[in-house]
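**Student:** To be precise about what I am sending: the file is called coords.cif and holds mmCIF, C-alpha atoms and all ligand atoms.
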data_entry
loop_
_atom_site.label_atom_id
_atom_site.label_comp_id
_atom_site.auth_asym_id
_atom_site.auth_seq_id
_atom_site.Cartn_x
_atom_site.Cartn_y
_atom_site.Cartn_z
CA MET A 1 0.00 0.00 0.00
CA THR A 2 2.97 2.39 0.07
CA GLU A 3 4.36 1.99 -3.40
CA PHE A 4 3.44 5.36 -4.92
CA PHE A 5 2.90 7.66 -1.91
CA PRO A 6 5.39 6.15 0.56
CA ASP A 7 5.40 9.18 2.87
CA VAL A 8 1.65 9.44 3.19
CA PRO A 9 -0.26 7.51 5.85
CA ILE A 10 -3.97 6.69 5.76
CA ILE A 11 -5.67 10.07 6.28
CA ARG A 12 -7.63 10.11 9.52
CA TYR A 13 -10.00 12.46 11.30
CA GLU A 14 -8.17 14.29 14.10
CA GLY A 15 -10.65 17.07 14.89
CA ALA A 16 -10.64 20.84 14.53
CA ALA A 17 -7.68 21.38 16.86
CA SER A 18 -5.31 19.23 14.80
CA ARG A 19 -2.47 21.02 13.03
CA ASN A 20 -1.54 17.95 10.96
CA PRO A 21 -1.90 18.88 7.27
CA LEU A 22 -2.46 15.20 6.47
CA ALA A 23 -5.51 14.81 8.72
CA PHE A 24 -9.19 15.72 8.46
CA LYS A 25 -10.29 18.51 10.79
CA HIS A 26 -14.03 18.25 10.04
CA TYR A 27 -14.67 15.15 7.91
CA ASN A 28 -15.34 12.35 10.33
CA PRO A 29 -16.89 9.73 8.03
CA ASP A 30 -18.80 8.13 10.91
CA GLU A 31 -20.34 11.34 12.28
CA VAL A 32 -24.11 11.38 11.85
CA ILE A 33 -25.82 14.44 10.36
CA GLU A 34 -29.60 14.40 10.02
CA GLY A 35 -29.67 10.62 10.33
CA GLN A 36 -26.88 9.83 7.86
CA THR A 37 -23.15 9.37 8.33
CA LEU A 38 -21.06 12.00 6.58
CA LYS A 39 -19.66 9.20 4.45
CA ASP A 40 -23.13 8.29 3.15
CA LEU A 41 -24.38 11.85 2.95
CA LEU A 42 -21.42 13.22 0.98
CA ARG A 43 -20.38 10.20 -1.08
CA PHE A 44 -17.04 11.78 -2.01
CA SER A 45 -15.48 10.90 -5.33
CA VAL A 46 -12.04 11.50 -6.83
CA CYS A 47 -11.99 12.36 -10.54
CA TYR A 48 -9.47 10.53 -12.65
CA TRP A 49 -9.01 13.18 -15.32
CA HIS A 50 -7.65 16.07 -13.24
CA THR A 51 -6.07 14.02 -10.50
CA PHE A 52 -4.38 11.36 -12.60
CA ARG A 53 -4.22 12.85 -16.08
CA GLY A 54 -3.65 16.52 -15.30
CA THR A 55 -0.16 17.66 -16.23
CA GLY A 56 -0.18 21.31 -15.18
CA SER A 57 0.28 22.54 -18.74
CA ASP A 58 -1.57 25.71 -19.71
CA PRO A 59 -1.78 27.72 -22.97
CA PHE A 60 1.42 29.51 -21.94
CA GLY A 61 3.54 26.78 -20.48
CA ALA A 62 4.53 23.13 -20.36
CA ALA A 63 3.64 20.41 -17.89
CA THR A 64 4.82 20.98 -14.34
CA LEU A 65 3.25 18.22 -12.24
CA GLN A 66 5.55 15.52 -10.88
CA ARG A 67 3.90 12.13 -11.18
CA PRO A 68 6.78 9.66 -10.74
CA TRP A 69 4.60 6.63 -11.54
CA ASP A 70 3.66 8.02 -14.96
CA ASP A 71 6.19 7.74 -17.82
CA GLY A 72 4.07 10.03 -20.01
CA SER A 73 3.60 7.33 -22.64
CA ASP A 74 0.35 6.01 -24.12
CA SER A 75 1.29 2.41 -23.35
CA LEU A 76 -1.14 -0.01 -21.76
CA GLU A 77 1.47 -0.75 -19.12
CA ASN A 78 1.62 2.90 -18.11
CA ALA A 79 -2.18 3.09 -17.97
CA VAL A 80 -2.34 0.08 -15.65
CA LYS A 81 0.42 1.45 -13.41
CA ARG A 82 -1.56 4.68 -13.14
CA VAL A 83 -4.57 2.65 -11.98
CA ARG A 84 -2.47 1.21 -9.14
CA ALA A 85 -1.30 4.71 -8.13
CA ALA A 86 -4.86 6.07 -8.33
CA PHE A 87 -6.28 3.39 -6.05
CA GLU A 88 -3.49 3.81 -3.53
CA PHE A 89 -4.31 7.53 -3.47
CA ILE A 90 -8.10 7.07 -3.21
CA THR A 91 -7.74 4.43 -0.51
CA LYS A 92 -5.34 6.48 1.62
CA LEU A 93 -7.65 9.47 1.28
CA GLY A 94 -10.67 7.39 2.27
CA ALA A 95 -12.91 8.53 -0.58
CA PRO A 96 -15.53 5.85 -1.27
CA PHE A 97 -15.88 6.61 -5.01
CA TYR A 98 -14.07 7.66 -8.19
CA CYS A 99 -15.15 8.78 -11.69
CA PHE A 100 -13.55 8.61 -15.13
CA HIS A 101 -13.85 9.31 -18.83
CA ASP A 102 -13.01 6.35 -21.08
CA ARG A 103 -9.93 8.08 -22.51
CA ASP A 104 -8.61 9.13 -19.08
CA VAL A 105 -8.12 5.58 -17.96
CA SER A 106 -6.97 4.09 -21.23
CA PRO A 107 -5.33 5.43 -24.38
CA GLU A 108 -6.97 6.06 -27.74
CA GLY A 109 -5.89 3.30 -30.15
CA ALA A 110 -5.37 3.55 -33.91
CA THR A 111 -8.89 2.18 -34.51
CA LEU A 112 -12.12 2.02 -32.55
CA LYS A 113 -11.57 -1.70 -32.15
CA GLU A 114 -8.14 -1.13 -30.65
CA SER A 115 -9.42 1.63 -28.33
CA ASN A 116 -12.16 -0.70 -27.11
CA ARG A 117 -9.65 -3.48 -26.51
CA LEU A 118 -7.38 -1.19 -24.51
CA LEU A 119 -10.31 0.07 -22.43
CA GLY A 120 -11.32 -3.52 -21.75
CA GLU A 121 -7.82 -4.33 -20.55
CA VAL A 122 -7.61 -1.31 -18.24
CA ALA A 123 -11.11 -2.06 -16.94
CA LYS A 124 -9.78 -5.42 -15.72
CA ALA A 125 -7.21 -3.59 -13.58
CA LEU A 126 -9.88 -1.15 -12.35
CA LYS A 127 -12.12 -4.04 -11.35
CA GLU A 128 -9.29 -5.79 -9.58
CA GLU A 129 -8.47 -2.63 -7.59
CA GLN A 130 -12.15 -1.98 -6.80
CA GLN A 131 -12.46 -5.50 -5.41
CA LYS A 132 -9.24 -5.19 -3.43
CA THR A 133 -9.98 -1.76 -1.91
CA GLY A 134 -13.79 -1.52 -1.81
CA VAL A 135 -13.65 1.80 -3.72
CA ARG A 136 -16.67 2.08 -6.05
CA LEU A 137 -17.37 3.81 -9.35
CA LEU A 138 -19.68 6.82 -8.90
CA TRP A 139 -19.91 7.41 -12.63
CA GLY A 140 -18.35 6.78 -15.97
CA THR A 141 -18.48 8.95 -19.06
CA ALA A 142 -16.96 9.20 -22.53
CA ASN A 143 -14.54 11.83 -23.76
CA LEU A 144 -16.26 13.09 -26.91
CA PHE A 145 -14.26 16.30 -27.21
CA SER A 146 -10.47 15.79 -27.23
CA HIS A 147 -9.95 13.88 -30.48
CA PRO A 148 -9.86 16.05 -33.65
CA ARG A 149 -12.77 14.05 -35.13
CA TYR A 150 -14.98 15.86 -32.61
CA MET A 151 -14.03 19.34 -33.80
CA HIS A 152 -17.67 20.06 -34.79
CA GLY A 153 -19.10 18.25 -31.77
CA ALA A 154 -20.09 14.59 -31.33
CA ALA A 155 -23.85 13.98 -31.22
CA THR A 156 -24.31 17.50 -32.66
CA SER A 157 -21.65 17.15 -35.34
CA CYS A 158 -22.65 18.01 -38.92
CA ASN A 159 -20.94 14.73 -39.90
CA ALA A 160 -23.13 11.61 -39.43
CA ASP A 161 -20.08 9.33 -39.25
CA VAL A 162 -18.85 11.32 -36.26
CA PHE A 163 -22.26 10.82 -34.64
CA ALA A 164 -21.94 7.08 -35.29
CA TYR A 165 -18.40 6.98 -33.89
CA ALA A 166 -19.50 8.83 -30.75
CA ALA A 167 -22.42 6.43 -30.34
CA ALA A 168 -20.07 3.46 -30.55
CA GLN A 169 -17.76 5.08 -28.02
CA VAL A 170 -20.61 5.77 -25.57
CA LYS A 171 -21.95 2.24 -26.05
CA LYS A 172 -18.61 0.87 -24.89
CA ALA A 173 -18.29 3.43 -22.06
CA ILE A 174 -21.72 2.46 -20.73
CA GLU A 175 -20.83 -1.24 -20.94
CA VAL A 176 -17.60 -0.67 -19.01
CA THR A 177 -19.40 1.51 -16.45
CA HIS A 178 -21.94 -1.28 -16.00
CA ALA A 179 -19.30 -3.97 -15.72
CA LEU A 180 -17.55 -1.95 -13.00
CA GLY A 181 -20.78 -1.52 -11.04
CA GLY A 182 -20.99 2.23 -11.76
CA VAL A 183 -24.01 3.86 -10.13
CA ASN A 184 -24.39 6.73 -12.61
CA TYR A 185 -23.48 7.62 -16.18
CA VAL A 186 -22.77 11.26 -17.12
CA PHE A 187 -23.24 13.23 -20.32
CA TRP A 188 -21.35 16.45 -20.39
CA GLY A 189 -21.77 18.44 -23.59
CA GLY A 190 -18.12 18.58 -24.55
CA ARG A 191 -18.26 20.35 -27.91
CA GLU A 192 -22.06 20.05 -28.19
CA GLY A 193 -22.70 23.67 -29.06
CA TYR A 194 -21.65 26.08 -31.77
CA MET A 195 -19.45 29.05 -32.53
CA ASN A 196 -21.51 30.75 -35.27
CA LEU A 197 -25.07 30.34 -36.55
CA TYR A 198 -24.01 31.16 -40.13
CA ASN A 199 -22.88 27.54 -40.50
CA THR A 200 -25.19 25.85 -37.98
CA ASN A 201 -28.59 24.13 -38.15
CA MET A 202 -29.50 24.43 -34.49
CA LYS A 203 -32.74 22.47 -34.82
CA ARG A 204 -31.07 19.45 -36.40
CA GLU A 205 -28.21 19.52 -33.90
CA LEU A 206 -30.56 19.56 -30.91
CA ASP A 207 -32.73 16.81 -32.43
CA HIS A 208 -29.61 14.70 -32.95
CA LEU A 209 -28.49 15.24 -29.37
CA ALA A 210 -31.88 14.06 -28.11
CA ARG A 211 -31.78 11.01 -30.39
CA PHE A 212 -28.30 10.21 -29.09
CA MET A 213 -29.34 10.38 -25.45
CA HIS A 214 -32.41 8.21 -26.07
CA MET A 215 -30.24 5.58 -27.76
CA ALA A 216 -27.76 5.67 -24.89
CA VAL A 217 -30.48 5.16 -22.28
CA ASP A 218 -32.13 2.42 -24.37
CA HIS A 219 -28.85 0.55 -24.75
CA ALA A 220 -28.05 0.87 -21.05
CA ARG A 221 -31.43 -0.54 -20.05
CA ALA A 222 -31.10 -3.34 -22.61
CA ILE A 223 -27.85 -4.54 -21.04
CA GLY A 224 -29.28 -4.28 -17.51
CA PHE A 225 -27.57 -1.08 -16.34
CA LYS A 226 -29.77 0.25 -13.55
CA GLY A 227 -27.71 3.35 -12.77
CA GLN A 228 -28.85 6.94 -13.02
CA PHE A 229 -28.19 9.09 -16.10
CA LEU A 230 -26.97 12.63 -15.52
CA PHE A 231 -26.67 15.64 -17.82
CA GLU A 232 -24.05 18.24 -16.81
CA PRO A 233 -24.71 21.90 -17.63
CA LYS A 234 -21.94 24.27 -18.72
CA PRO A 235 -22.60 27.57 -20.52
CA LYS A 236 -19.44 28.08 -22.55
CA GLU A 237 -15.98 26.67 -23.16
CA PRO A 238 -15.02 25.07 -25.43
CA THR A 239 -17.80 26.43 -27.68
CA LYS A 240 -19.25 29.91 -27.40
CA HIS A 241 -22.82 28.62 -27.03
CA GLN A 242 -23.00 25.26 -25.27
CA TYR A 243 -26.46 23.70 -25.65
CA ASP A 244 -26.34 22.56 -22.02
CA PHE A 245 -26.00 26.17 -20.77
CA ASP A 246 -27.42 25.82 -17.24
CA ALA A 247 -29.88 23.75 -15.22
CA ALA A 248 -32.84 25.55 -16.78
CA ALA A 249 -31.63 25.01 -20.36
CA CYS A 250 -30.84 21.35 -19.68
CA LEU A 251 -34.21 20.69 -18.07
CA ASN A 252 -35.97 22.40 -20.95
CA PHE A 253 -34.06 20.20 -23.39
CA LEU A 254 -34.81 17.03 -21.43
CA ARG A 255 -38.49 17.89 -21.04
CA ALA A 256 -38.95 18.91 -24.66
CA ASN A 257 -37.42 15.64 -25.85
CA GLY A 258 -39.11 13.06 -23.63
CA LEU A 259 -36.00 12.55 -21.47
CA ILE A 260 -37.13 14.26 -18.27
CA ASP A 261 -37.95 10.99 -16.48
CA LYS A 262 -34.78 9.30 -17.67
CA VAL A 263 -32.02 11.81 -16.96
CA LYS A 264 -31.20 14.04 -13.96
CA LEU A 265 -28.56 16.73 -13.59
CA ASN A 266 -24.94 16.74 -12.45
CA LEU A 267 -24.28 20.32 -11.36
CA GLU A 268 -20.83 21.88 -11.16
CA THR A 269 -20.01 25.04 -9.20
CA ASN A 270 -17.66 26.63 -11.71
CA HIS A 271 -20.14 25.97 -14.51
CA ALA A 272 -22.87 27.67 -12.47
CA THR A 273 -20.75 30.78 -11.99
CA LEU A 274 -19.78 30.86 -15.68
CA ALA A 275 -23.53 30.90 -16.41
CA GLY A 276 -23.97 33.88 -14.10
CA HIS A 277 -25.62 31.86 -11.33
CA THR A 278 -24.66 30.86 -7.84
CA MET A 279 -24.29 27.13 -7.27
CA MET A 280 -27.10 27.41 -4.72
CA HIS A 281 -29.40 28.73 -7.43
CA GLU A 282 -28.57 25.84 -9.76
CA LEU A 283 -29.00 23.25 -7.01
CA GLU A 284 -32.34 24.66 -5.86
CA TYR A 285 -33.64 25.04 -9.41
CA ALA A 286 -32.90 21.37 -10.06
CA ARG A 287 -34.06 20.15 -6.65
CA ILE A 288 -37.54 21.69 -6.83
CA GLN A 289 -38.06 19.79 -10.07
CA GLY A 290 -36.80 16.48 -8.72
CA ALA A 291 -33.75 16.67 -11.00
CA LEU A 292 -30.82 17.18 -8.61
CA GLY A 293 -28.78 14.04 -9.19
CA SER A 294 -25.14 14.67 -8.30
CA ILE A 295 -22.56 17.43 -8.06
CA ASP A 296 -19.12 18.22 -9.41
CA ALA A 297 -17.60 20.06 -6.47
CA ASN A 298 -15.12 22.77 -7.29
CA THR A 299 -14.99 26.53 -7.45
CA GLY A 300 -13.99 29.17 -9.97
CA ASP A 301 -12.14 32.41 -9.56
CA LEU A 302 -14.49 35.36 -9.89
CA LEU A 303 -11.65 37.49 -11.24
CA LEU A 304 -11.00 35.03 -14.09
CA GLY A 305 -13.56 34.31 -16.78
CA TRP A 306 -12.88 30.63 -17.39
CA ASP A 307 -13.31 27.23 -15.82
CA THR A 308 -10.44 27.22 -13.32
CA ASP A 309 -11.73 24.08 -11.54
CA GLN A 310 -10.21 24.89 -8.14
CA PHE A 311 -10.81 22.84 -5.03
CA PRO A 312 -13.69 24.19 -2.92
CA THR A 313 -12.47 25.70 0.35
CA ASP A 314 -15.05 28.43 0.92
CA ILE A 315 -17.32 27.55 3.86
CA TYR A 316 -20.06 29.89 2.64
CA LEU A 317 -20.19 28.01 -0.64
CA THR A 318 -20.27 24.55 0.92
CA THR A 319 -22.85 25.66 3.51
CA GLN A 320 -25.12 26.92 0.74
CA CYS A 321 -24.67 23.68 -1.22
CA MET A 322 -25.44 21.60 1.86
CA LEU A 323 -28.55 23.62 2.74
CA VAL A 324 -30.05 22.42 -0.55
CA ILE A 325 -28.57 18.91 -0.47
CA LEU A 326 -29.85 18.28 3.08
CA GLU A 327 -33.29 19.50 2.04
CA GLN A 328 -33.46 16.51 -0.32
CA LYS A 329 -31.80 14.17 2.19
CA GLY A 330 -28.57 13.77 0.25
CA LEU A 331 -27.59 12.96 -3.32
CA ALA A 332 -27.57 9.16 -3.51
CA PRO A 333 -27.15 7.50 -5.93
CA GLY A 334 -25.20 10.64 -6.89
CA GLY A 335 -22.38 12.08 -4.83
CA VAL A 336 -19.87 14.87 -4.37
CA ASN A 337 -17.26 14.44 -7.08
CA PHE A 338 -14.21 16.69 -6.96
CA ASP A 339 -13.99 17.88 -10.55
CA ALA A 340 -11.06 20.03 -9.45
CA LYS A 341 -7.37 20.29 -10.14
CA VAL A 342 -4.36 21.42 -8.19
CA ARG A 343 -2.66 24.59 -9.46
CA ARG A 344 0.32 24.01 -11.75
CA GLU A 345 2.51 25.56 -9.07
CA SER A 346 1.37 22.81 -6.65
CA PHE A 347 3.39 20.24 -8.52
CA GLU A 348 4.24 17.60 -5.91
CA PRO A 349 2.14 14.45 -5.41
CA ILE A 350 1.46 15.43 -1.80
CA ASP A 351 -0.42 18.50 -3.04
CA LEU A 352 -3.11 16.10 -4.31
CA PHE A 353 -3.71 15.03 -0.71
CA HIS A 354 -3.81 18.58 0.66
CA ALA A 355 -6.29 19.59 -2.05
CA HIS A 356 -8.72 16.72 -1.48
CA ILE A 357 -8.47 16.89 2.31
CA GLY A 358 -9.36 20.60 2.13
CA GLY A 359 -12.32 19.98 -0.16
CA MET A 360 -13.66 17.13 1.98
CA ASP A 361 -13.25 19.17 5.16
CA ALA A 362 -14.96 22.17 3.57
CA PHE A 363 -17.98 20.03 2.62
CA ALA A 364 -18.11 18.29 5.98
CA ARG A 365 -18.00 21.63 7.76
CA GLY A 366 -20.62 23.05 5.39
CA ALA A 367 -22.83 20.05 6.17
CA LYS A 368 -22.55 20.64 9.92
CA ILE A 369 -23.24 24.38 9.60
CA ALA A 370 -26.20 23.79 7.29
CA ALA A 371 -27.60 21.14 9.66
CA ALA A 372 -27.35 23.58 12.59
CA ILE A 373 -29.16 26.29 10.63
CA ARG A 374 -31.83 23.78 9.64
CA LYS A 375 -32.18 22.47 13.20
CA ASP A 376 -33.04 25.94 14.48
CA ASN A 377 -35.32 26.54 11.48
CA VAL A 378 -34.05 30.10 11.25
CA LEU A 379 -34.35 30.37 7.48
CA ALA A 380 -37.24 27.95 7.01
CA ASP A 381 -39.45 29.72 9.56
CA PHE A 382 -38.78 33.08 7.98
CA VAL A 383 -39.56 31.83 4.48
CA LYS A 384 -42.72 30.06 5.64
CA LYS A 385 -43.97 33.20 7.33
CA ARG A 386 -43.04 35.35 4.32
CA TYR A 387 -45.52 33.46 2.12
CA ARG A 388 -48.30 33.06 4.69
CA SER A 389 -50.73 35.18 2.63
CA TYR A 390 -51.00 32.13 0.34
CA ASP A 391 -51.93 29.82 3.22
CA GLU A 392 -55.51 31.10 3.49
CA GLY A 393 -58.03 33.42 1.90
CA ILE A 394 -57.39 34.72 -1.59
CA GLY A 395 -53.79 33.42 -1.68
CA ARG A 396 -54.92 29.91 -1.00
CA ARG A 397 -57.52 30.15 -3.77
CA ILE A 398 -54.82 31.39 -6.18
CA GLU A 399 -52.65 28.40 -5.42
CA GLU A 400 -55.60 26.00 -5.67
CA GLY A 401 -56.44 27.41 -9.08
CA SER A 402 -60.02 28.19 -8.04
CA VAL A 403 -60.03 31.89 -9.00
CA SER A 404 -59.94 33.70 -12.35
CA PHE A 405 -58.65 37.12 -13.33
CA ALA A 406 -62.25 38.37 -13.06
CA ASP A 407 -62.51 37.03 -9.49
CA LEU A 408 -59.25 38.73 -8.58
CA GLU A 409 -60.42 42.00 -10.09
CA LYS A 410 -63.62 41.79 -8.03
CA TYR A 411 -61.62 40.97 -4.89
CA MET A 412 -59.28 43.92 -5.38
CA LEU A 413 -62.05 46.37 -6.31
CA GLU A 414 -63.83 45.47 -3.10
CA LYS A 415 -60.70 45.51 -0.95
CA GLY A 416 -59.35 48.70 -2.51
CA ALA A 417 -55.67 48.36 -1.48
CA CYS A 418 -53.09 45.60 -0.88
CA ALA A 419 -52.14 44.47 2.59
CA PRO A 420 -48.92 46.34 3.52
CA ASN A 421 -45.63 44.76 2.42
CA GLU A 422 -43.12 43.49 4.96
CA SER A 423 -39.32 43.77 4.95
CA GLY A 424 -37.37 40.98 3.23
CA ARG A 425 -34.80 41.26 6.08
CA GLN A 426 -31.96 40.11 3.83
CA GLU A 427 -29.24 41.71 5.95
CA MET A 428 -30.66 40.26 9.17
CA LEU A 429 -30.72 36.77 7.61
CA GLU A 430 -27.15 37.15 6.32
CA ASN A 431 -26.11 38.09 9.84
CA ILE A 432 -27.89 35.06 11.24
CA VAL A 433 -26.15 32.73 8.80
CA ASN A 434 -22.82 34.29 9.80
CA GLN A 435 -23.52 33.38 13.42
CA TYR A 436 -23.44 29.70 12.45
CA LEU A 437 -20.18 29.80 10.51
C1 LIG B 1 -15.74 19.88 -18.09
C2 LIG B 1 -16.29 18.97 -17.10
C3 LIG B 1 -16.18 17.54 -17.42
C4 LIG B 1 -17.34 16.71 -16.97
C5 LIG B 1 -17.27 15.28 -17.41
O1 LIG B 1 -15.77 21.22 -17.73
O2 LIG B 1 -16.76 19.38 -16.05
O3 LIG B 1 -15.00 17.06 -16.89
O4 LIG B 1 -17.48 16.74 -15.59
O5 LIG B 1 -17.13 15.16 -18.77
CO CO B 2 -17.60 18.41 -14.40
#
Show me, as structure tokens, the structure contained in the file I just sent.

**Tutor:**
Amino acid sequence: MTEFFPDVPIIRYEGAASRNPLAFKHYNPDEVIEGQTLKDLLRFSVCYWHTFRGTGSDPFGAATLQRPWDDGSDSLENAVKRVRAAFEFITKLGAPFYCFHDRDVSPEGATLKESNRLLGEVAKALKEEQQKTGVRLLWGTANLFSHPRYMHGAATSCNADVFAYAAAQVKKAIEVTHALGGVNYVFWGGREGYMNLYNTNMKRELDHLARFMHMAVDHARAIGFKGQFLFEPKPKEPTKHQYDFDAAACLNFLRANGLIDKVKLNLETNHATLAGHTMMHELEYARIQGALGSIDANTGDLLLGWDTDQFPTDIYLTTQCMLVILEQKGLAPGGVNFDAKVRRESFEPIDLFHAHIGGMDAFARGAKIAAAIRKDNVLADFVKKRYRSYDEGIGRRIEEGSVSFADLEKYMLEKGACAPNESGRQEMLENIVNQYL
């Protein structure tokens, strides 16, 4: 167990007073919050792409990250060695889940057949490690955006052969996810969007995307995959207009195309902020429609306009996330997946531990703060009272649908003036939340 991270012990909970950087201060997996252990409530997951395939390169500079187990080659041997390193990391961290794209875990071959064979081989190593360690697969997905064939998109490509190739790739990714006992399968848009309408038939592209998702779900059900399907919104990057802009756009797409009962949402913080929303907005918008499936936990930098995918350390953010997540009693079968990467300046392997420990502690602390706020009902009572005019009288009849515009005109003509408004007390509520932090 100490082949790749020899200096790192199993990470344990030591409590808030601990000064050990390799210990949890707030994430005690066995601690019970609102009837669930933190382990079951948060269902933490390590993402393979940033954590085991990230190199630290950026548009201005070369790779910086030291990953001594990785020789940088596309060999099967290297891919399998990476699996061993990944599982040592995940096990020492104590995360119960991981996630991957097909091409993160295994290389692209010269042909589809070869790529499928390589993925099958790596999947054997993944299965072996899962069985040995008890770590489970939260979700699988397919990378339909890196290869040049996907320059115009995958399911929304103008080229039908590219659509067919993507379908074949997703078929295999679903089969591998199923074979590894994955509990969800994710669709993120990748390049499903466009740069300019002069060359784009938006209607056909959206119809094709819907067709693609139906076929994916149909195939999954046919092979016995019982996991949950998730659609991940992101407003921009790589294309200017991503079709999966935000939770509202995704839900509209799913509802319009007969997919609303088959697919939920995987919401990501940095994608929410790129769309001009808070993560809390996105979570609540999905939750009230029964569509909050899972989250990609990270954070952006409000001074930078792109997807920086930083680890979440802000307790306000995690508290707000957990207020919504606790309201729906957790995310299962979804979870909290760290779709986050260490900065290229944090180039040592140990930085991967610091980053994940910080993110897990931030969510655990957010869960405890949110539970305390909920226990005292400070926000819920205020909100309930704020809408009390709909609990009886004319408000109740509006909600029941038993009044018309004419009835409301009559009511108001008789009454003459509205009941006085009351303060929204935003500042008072912000102060109250601060008292719990
Ligand atoms: C890209 C992104 C993806 C998805 C999975 O911004 O978030 O990694 O989570 O394809
Ligand atoms: Co993501």

**Student:** Can you work out which residues are within 7 Å of ligand LIG 1 (chain B), considering all atoms listed in the file, and then hand them over as a PyMOL selection string?

**Tutor:** chain A and resi 101+141+143+186-188+190+232+234+268+296+307+339

**Student:** Within 6 Å of Leu265 (chain A), counting all atoms listed in the file, which residues show up once you throw out same-chain ones fewer than 5 positions away? Write them as a list in words, please.

**Tutor:**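 Residues near the query, excluding close chain neighbours: Leu230, Phe231, Glu232, Ala291, Leu292 and Gly293 of chain A.
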
**Student:** CA of Leu144 (chain A) to CA of Asp309 (chain A): how many Å, to one decimal?

**Tutor:** 19.4 Å

**Student:** Counting all atoms listed in the file, figure out which residue out of A:Tyr198, A:Tyr316, A:Tyr165, A:Phe100 gets nearest to ligand CO 2 (chain B).

**Tutor:**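 Under the stated criterion, the closest residue is A:Phe100.
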
**Student:** Return the single residue from A:Thr64, A:Gln242, A:Asn270, A:Ser73 that is closest to ligand CO 2 (chain B), with distances computed using only C-alpha atoms and all ligand atoms.

**Tutor:**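 Ranked by minimum distance to ligand CO 2 (chain B), first place goes to A:Asn270.
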
**Student:** Have a look at A:Ala286, A:Val162, A:Val324, A:Ala272 and name the one nearest to ligand CO 2 (chain B); count all atoms listed in the file.

**Tutor:**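 The answer is A:Ala272, which sits nearest to ligand CO 2 (chain B).
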
**Student:** Restricting the calculation to only C-alpha atoms and all ligand atoms, which member of A:Pro233, A:Gly140, A:Gly153, A:Gly54 is positioned closest to ligand CO 2 (chain B)?

**Tutor:** A:Pro233

**Student:** Between A:Val183, A:Cys47, A:Leu41, A:Val176, which residue has the minimum interatomic distance to ligand CO 2 (chain B), considering only C-alpha atoms and all ligand atoms?

**Tutor:**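 Nearest candidate to ligand CO 2 (chain B) out of A:Val183, A:Cys47, A:Leu41, A:Val176: A:Cys47.
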
**Student:** Figure out the distance between CA of Arg343 (chain A) and CA of Ala364 (chain A), please, to one decimal in Å.

**Tutor:**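 Interatomic distance here is 22.7 Å.
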
**Student:** Ranking A:Lys410, A:Lys341, A:Arg12, A:Lys25 by minimum distance to ligand CO 2 (chain B) and counting all atoms listed in the file, which one comes first?

**Tutor:**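 Counting all atoms listed in the file, the residue closest to ligand CO 2 (chain B) is A:Lys341.
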
**Student:** Report as a JSON list (two decimals) with C-alpha atoms, keeping the file's coordinate frame all protein, DNA and RNA residues lying within 12 Å of Ala355 (chain A), evaluated on only C-alpha atoms, omitting residues in the same chain fewer than 6 positions from it.

**Tutor:**
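Result went into result.json, see below:
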[["chain", "number", "residue", "atom", "x", "y", "z"],
["A", 21, "PRO", "CA", -1.90, 18.88, 7.27],
["A", 22, "LEU", "CA", -2.46, 15.20, 6.47],
["A", 23, "ALA", "CA", -5.51, 14.81, 8.72],
["A", 24, "PHE", "CA", -9.19, 15.72, 8.46],
["A", 46, "VAL", "CA", -12.04, 11.50, -6.83],
["A", 50, "HIS", "CA", -7.65, 16.07, -13.24],
["A", 51, "THR", "CA", -6.07, 14.02, -10.50],
["A", 93, "LEU", "CA", -7.65, 9.47, 1.28],
["A", 298, "ASN", "CA", -15.12, 22.77, -7.29],
["A", 309, "ASP", "CA", -11.73, 24.08, -11.54],
["A", 310, "GLN", "CA", -10.21, 24.89, -8.14],
["A", 311, "PHE", "CA", -10.81, 22.84, -5.03],
["A", 312, "PRO", "CA", -13.69, 24.19, -2.92],
["A", 313, "THR", "CA", -12.47, 25.70, 0.35],
["A", 338, "PHE", "CA", -14.21, 16.69, -6.96],
["A", 339, "ASP", "CA", -13.99, 17.88, -10.55],
["A", 340, "ALA", "CA", -11.06, 20.03, -9.45],
["A", 341, "LYS", "CA", -7.37, 20.29, -10.14],
["A", 342, "VAL", "CA", -4.36, 21.42, -8.19],
["A", 343, "ARG", "CA", -2.66, 24.59, -9.46],
["A", 346, "SER", "CA", 1.37, 22.81, -6.65],
["A", 347, "PHE", "CA", 3.39, 20.24, -8.52],
["A", 348, "GLU", "CA", 4.24, 17.60, -5.91],
["A", 349, "PRO", "CA", 2.14, 14.45, -5.41],
["A", 361, "ASP", "CA", -13.25, 19.17, 5.16],
["A", 362, "ALA", "CA", -14.96, 22.17, 3.57]]

**Student:** Interatomic distance between CA of Asp351 (chain A) and CA of Ser294 (chain A)?

**Tutor:** 25.6 Å

**Student:** Quick one: residues within 8 Å of Thr308 (chain A), only C-alpha atoms, excluding same-chain residues fewer than 4 positions away - as a ChimeraX atom specification?

**Tutor:** /A:270,299-301,304

**Student:** Compile the contact shell of Ala370 (chain A) as a list in words: residues with an atom at most 7 Å away, counting all atoms listed in the file, same-chain residues fewer than 4 positions apart removed.

**Tutor:**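 Counting all atoms listed in the file, the residues come to Thr319, Met322, Leu323, Gly366 and Arg374 of chain A.
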
**Student:** Neighbours of Asn196 (chain A) within 12 Å (all atoms listed in the file; same-chain residues fewer than 6 positions away dropped), as an MDAnalysis selection string?

**Tutor:** chainID A and resid 152 202 239:242
